[in-house]
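Some notes on the structure that comes next.
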Amino acid sequence: MTPKMRPSRVLAKLRAGRVAYCHKANFADPRAIEIPARAGFDCIWTCLEHVPNDLGAIQSQVLAAKAYDVDLLCRVPRGSYSDYIRPLEMDAAGIMVPHVMSLDDAKAVVRMTRFHPAGRRAVDGGNADGAYCAIPFTDYIEQANRERFVVLQIEDPEPLEELDAIADLPGYDMLFFGPGDFSHSIGAPGRMDHPEIVRTRERVAAACRKYGKFAGTLGAPAQRQTLVDMGYTFLSVCADVIGLWSYCRETAAAVGIETLNQPVGYYGGRET
């Protein structure tokens with residue numbers, strides 16, 4: 001029997017009209033992937049944009065997620081086509097491209113990350129996603145376009161001028177609204193209830209509904225229903241660093257530690 005590419009769990013749920021839930025992983029260890037995979041999340045979001053992961057770490061994370069039939073989504077750094085497609089060739093189920101700034105930018109991403117007829121992604125087939133050449137050439141191209149998803153992040157005001165055209169562009173699957181960087185870009189860092197953030201989150205969801213794209217964002221579990229009602233069906237609802245920090249802080253307080261060592265600098269503690 002000819003091998004086939006593992007179907008994407010996220011795409012199966014989204015195409016069936018269901019909500020897919022994601023856990024964000026900052027830690028590189030594959031055990032940090034295995035734990036949320038065991039907990040039942042549909043997707044683990046790892047990162048090469050902000051986090052000091054290397055490609056070896058991503059490869060181990062892909063394997064840990066696949067062991068539980070869970071998708072690994074890798075946010076890539078902005079760069080050349082090879083920066084974008086390497087996680088896919090390691091058999092990540094999807095990639096997320098940050099800070100898409102225009103329609104031309106979105107077109108360039110599609111060209112680099114999708115095979116014919118949608119784009120001009122460079123073809124190898126000799127890696128994990130192509131079952132090491134065991135999937136026939138044309139089958140590999142067709143399956144990769146169908147079972148691997150490409151996410152474009154909207155996290156700046158600049159692409160909003162062309163939001164409808166970006167949402168209407170064929171060849172990718174999801175727009176993901178990033179409220180954190182957006183708050184920074186409009187001069188209101190960290191103010192997640194800022195009216196412009198609320199309006200933009202609604203605009204992105206509406207554009208996705210209108211043009212047949214999936215809408216993704218992040219939010220606390222308490223926001224789930226509000227975001228689903230808005231049209232978001234891919235939700236990142238927790239992160240390993242937040243979970244570990246909360247657990248350590250609460251445990252320290254429970255055993256009577258009076259003064260916690262607060263993070264220094266940007267993450268909410270003392271300034272150096």
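Residue names in the structure tokens use chain letters A, B, ... in the order shown, residue numbers from 1 in each chain, and ligand numbers from 1 in the order shown.
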* **helix (DSSP H, G or I) residues, from DSSP on the backbone, in range 1-221 of chain A, as an MDAnalysis selection string** => chainID A and resid 9:15 31:39 55:66 81:89 103:113 128:130 137:147 158:168 179:185 195:211 221
* Identify, on the basis of only C-alpha atoms, every residue whose closest approach to range 63-68 of chain A does not exceed 8 Å; exclude the query and any residue fewer than 4 positions from it along the same chain; express the result as an MDAnalysis selection string. => chainID A and resid 30:31 33:34 37:38 44 59 72
Store the residues picked out above in a file with N, CA and C atoms, as a PDB file, in the first residue's frame.
ATOM      1  N   PRO A  30      10.731  17.878  24.006  1.00  0.00           N
ATOM      2  CA  PRO A  30       9.546  17.200  23.466  1.00  0.00           C
ATOM      3  C   PRO A  30       8.556  16.766  24.536  1.00  0.00           C
ATOM      4  N   ARG A  31       9.017  16.632  25.790  1.00  0.00           N
ATOM      5  CA  ARG A  31       8.081  16.288  26.856  1.00  0.00           C
ATOM      6  C   ARG A  31       7.088  17.425  27.121  1.00  0.00           C
ATOM      7  N   ILE A  33       5.760  18.999  24.793  1.00  0.00           N
ATOM      8  CA  ILE A  33       4.768  18.788  23.741  1.00  0.00           C
ATOM      9  C   ILE A  33       3.875  17.602  24.106  1.00  0.00           C
ATOM     10  N   GLU A  34       4.484  16.571  24.636  1.00  0.00           N
ATOM     11  CA  GLU A  34       3.744  15.348  24.957  1.00  0.00           C
ATOM     12  C   GLU A  34       2.673  15.589  26.015  1.00  0.00           C
ATOM     13  N   ALA A  37      -0.335  17.293  24.533  1.00  0.00           N
ATOM     14  CA  ALA A  37      -0.909  16.344  23.568  1.00  0.00           C
ATOM     15  C   ALA A  37      -1.714  15.276  24.302  1.00  0.00           C
ATOM     16  N   ARG A  38      -1.161  14.777  25.405  1.00  0.00           N
ATOM     17  CA  ARG A  38      -1.897  13.801  26.211  1.00  0.00           C
ATOM     18  C   ARG A  38      -3.182  14.401  26.783  1.00  0.00           C
ATOM     19  N   ILE A  44      -0.395  21.894  18.963  1.00  0.00           N
ATOM     20  CA  ILE A  44       0.624  22.527  19.785  1.00  0.00           C
ATOM     21  C   ILE A  44       1.346  23.544  18.906  1.00  0.00           C
ATOM     22  N   GLN A  59      12.093  19.151  15.134  1.00  0.00           N
ATOM     23  CA  GLN A  59      11.909  17.781  14.665  1.00  0.00           C
ATOM     24  C   GLN A  59      11.440  16.867  15.798  1.00  0.00           C
ATOM     25  N   LEU A  72       1.332  19.740  15.013  1.00  0.00           N
ATOM     26  CA  LEU A  72       2.295  20.734  15.448  1.00  0.00           C
ATOM     27  C   LEU A  72       2.266  21.892  14.456  1.00  0.00           C
TER      28      LEU A  72
END
* To do: If you run DSSP over the backbone, which residues in range 37-255 of chain A end up strand (DSSP E)? Put them as number ranges by chain.
  => A: 43-47, 71-75, 94-97, 149-154, 174-177, 214-218, 234-239
Could you turn the residues from that selection into a file that holds C-alpha atoms, as a compact mmCIF listing (two decimals), in the first residue's frame?
# COMPACT_ATOMS: atom_id res chain seq x y z
CA CYS A 43 -2.62 21.50 18.14
CA ILE A 44 0.62 22.53 19.78
CA TRP A 45 2.04 25.87 18.64
CA THR A 46 5.82 26.05 18.72
CA CYS A 47 7.97 28.94 17.57
CA ASP A 71 -0.85 18.70 14.93
CA LEU A 72 2.29 20.73 15.45
CA LEU A 73 2.05 24.32 14.19
CA CYS A 74 5.40 26.11 13.83
CA ARG A 75 5.61 29.88 13.71
CA GLY A 94 1.17 23.80 9.65
CA ILE A 95 3.24 26.95 9.64
CA MET A 96 2.38 30.43 10.86
CA VAL A 97 3.99 33.42 9.15
CA PHE A 149 -2.14 24.45 6.61
CA VAL A 150 -0.62 27.88 6.19
CA VAL A 151 -1.51 30.65 8.65
CA LEU A 152 -0.93 34.37 8.09
CA GLN A 153 -0.70 36.58 11.16
CA ILE A 154 -2.43 39.95 11.19
CA MET A 174 -6.21 30.93 8.12
CA LEU A 175 -5.79 34.49 9.32
CA PHE A 176 -4.59 34.66 12.92
CA PHE A 177 -5.13 37.93 14.79
CA PHE A 214 -10.58 30.12 9.03
CA ALA A 215 -10.13 32.68 11.80
CA GLY A 216 -7.66 32.14 14.62
CA THR A 217 -6.61 34.10 17.67
CA LEU A 218 -5.54 33.67 21.25
CA PHE A 234 -8.98 28.16 16.05
CA LEU A 235 -8.23 29.24 19.60
CA SER A 236 -4.91 29.25 21.44
CA VAL A 237 -6.03 29.16 25.06
CA CYS A 238 -2.95 28.38 27.18
CA ALA A 239 0.84 28.41 27.25
* Asked: What does the distance between CA of Ala205 in chain A and CA of Asp229 in chain A come to in Å, to one decimal place?
  ->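 For CA of Ala205 in chain A relative to CA of Asp229 in chain A, the distance reads 9.9 Å.
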* If you count only C-alpha atoms, which residues fall within 6 Å of Glu89 in chain A, apart from same-chain ones fewer than 3 positions away, as JSON, numbers by chain? -> {"A": [86, 127, 129]}
Would you list the contacts of Glu162 in chain A as a PDB file with C-alpha atoms, in the first residue's frame, taking every protein, DNA or RNA residue within 10 Å and counting only C-alpha atoms, but skipping same-chain residues closer than 5 positions in sequence?
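This is the output file selection-v7.pdb:
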ATOM      1  CA  MET A 101       1.998  43.480   6.066  1.00  0.00           C
ATOM      2  CA  SER A 102       0.254  43.641   2.678  1.00  0.00           C
ATOM      3  CA  LEU A 103      -1.451  41.748  -0.123  1.00  0.00           C
ATOM      4  CA  ASP A 104       1.869  41.469  -1.961  1.00  0.00           C
ATOM      5  CA  ALA A 167      -8.697  37.312   2.966  1.00  0.00           C
ATOM      6  CA  ASP A 168      -9.839  36.667  -0.609  1.00  0.00           C
TER       7      ASP A 168
END
Excluding Ala207 in chain A and any residue of its chain fewer than 4 positions from it, enumerate the residues within 7 Å of it, using only C-alpha atoms, and give them as a PDB file with C-alpha atoms, in the first residue's frame.
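Result saved to selection-v3.pdb:
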ATOM      1  CA  ASP A 164     -10.498  42.000   2.236  1.00  0.00           C
ATOM      2  CA  ALA A 167      -8.697  37.312   2.966  1.00  0.00           C
ATOM      3  CA  ARG A 203     -12.925  42.794  11.332  1.00  0.00           C
ATOM      4  CA  TYR A 211     -14.009  34.910   1.986  1.00  0.00           C
TER       5      TYR A 211
END
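As for CA of Tyr81 in chain A and CA of Ala12 in chain A, they are spaced 26.5 Å apart.
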* To one decimal place, how far is CA of Gly243 in chain A from CA of Pro221 in chain A in Å? ->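 Straight-line distance from CA of Gly243 in chain A to CA of Pro221 in chain A works out to 13.1 Å.
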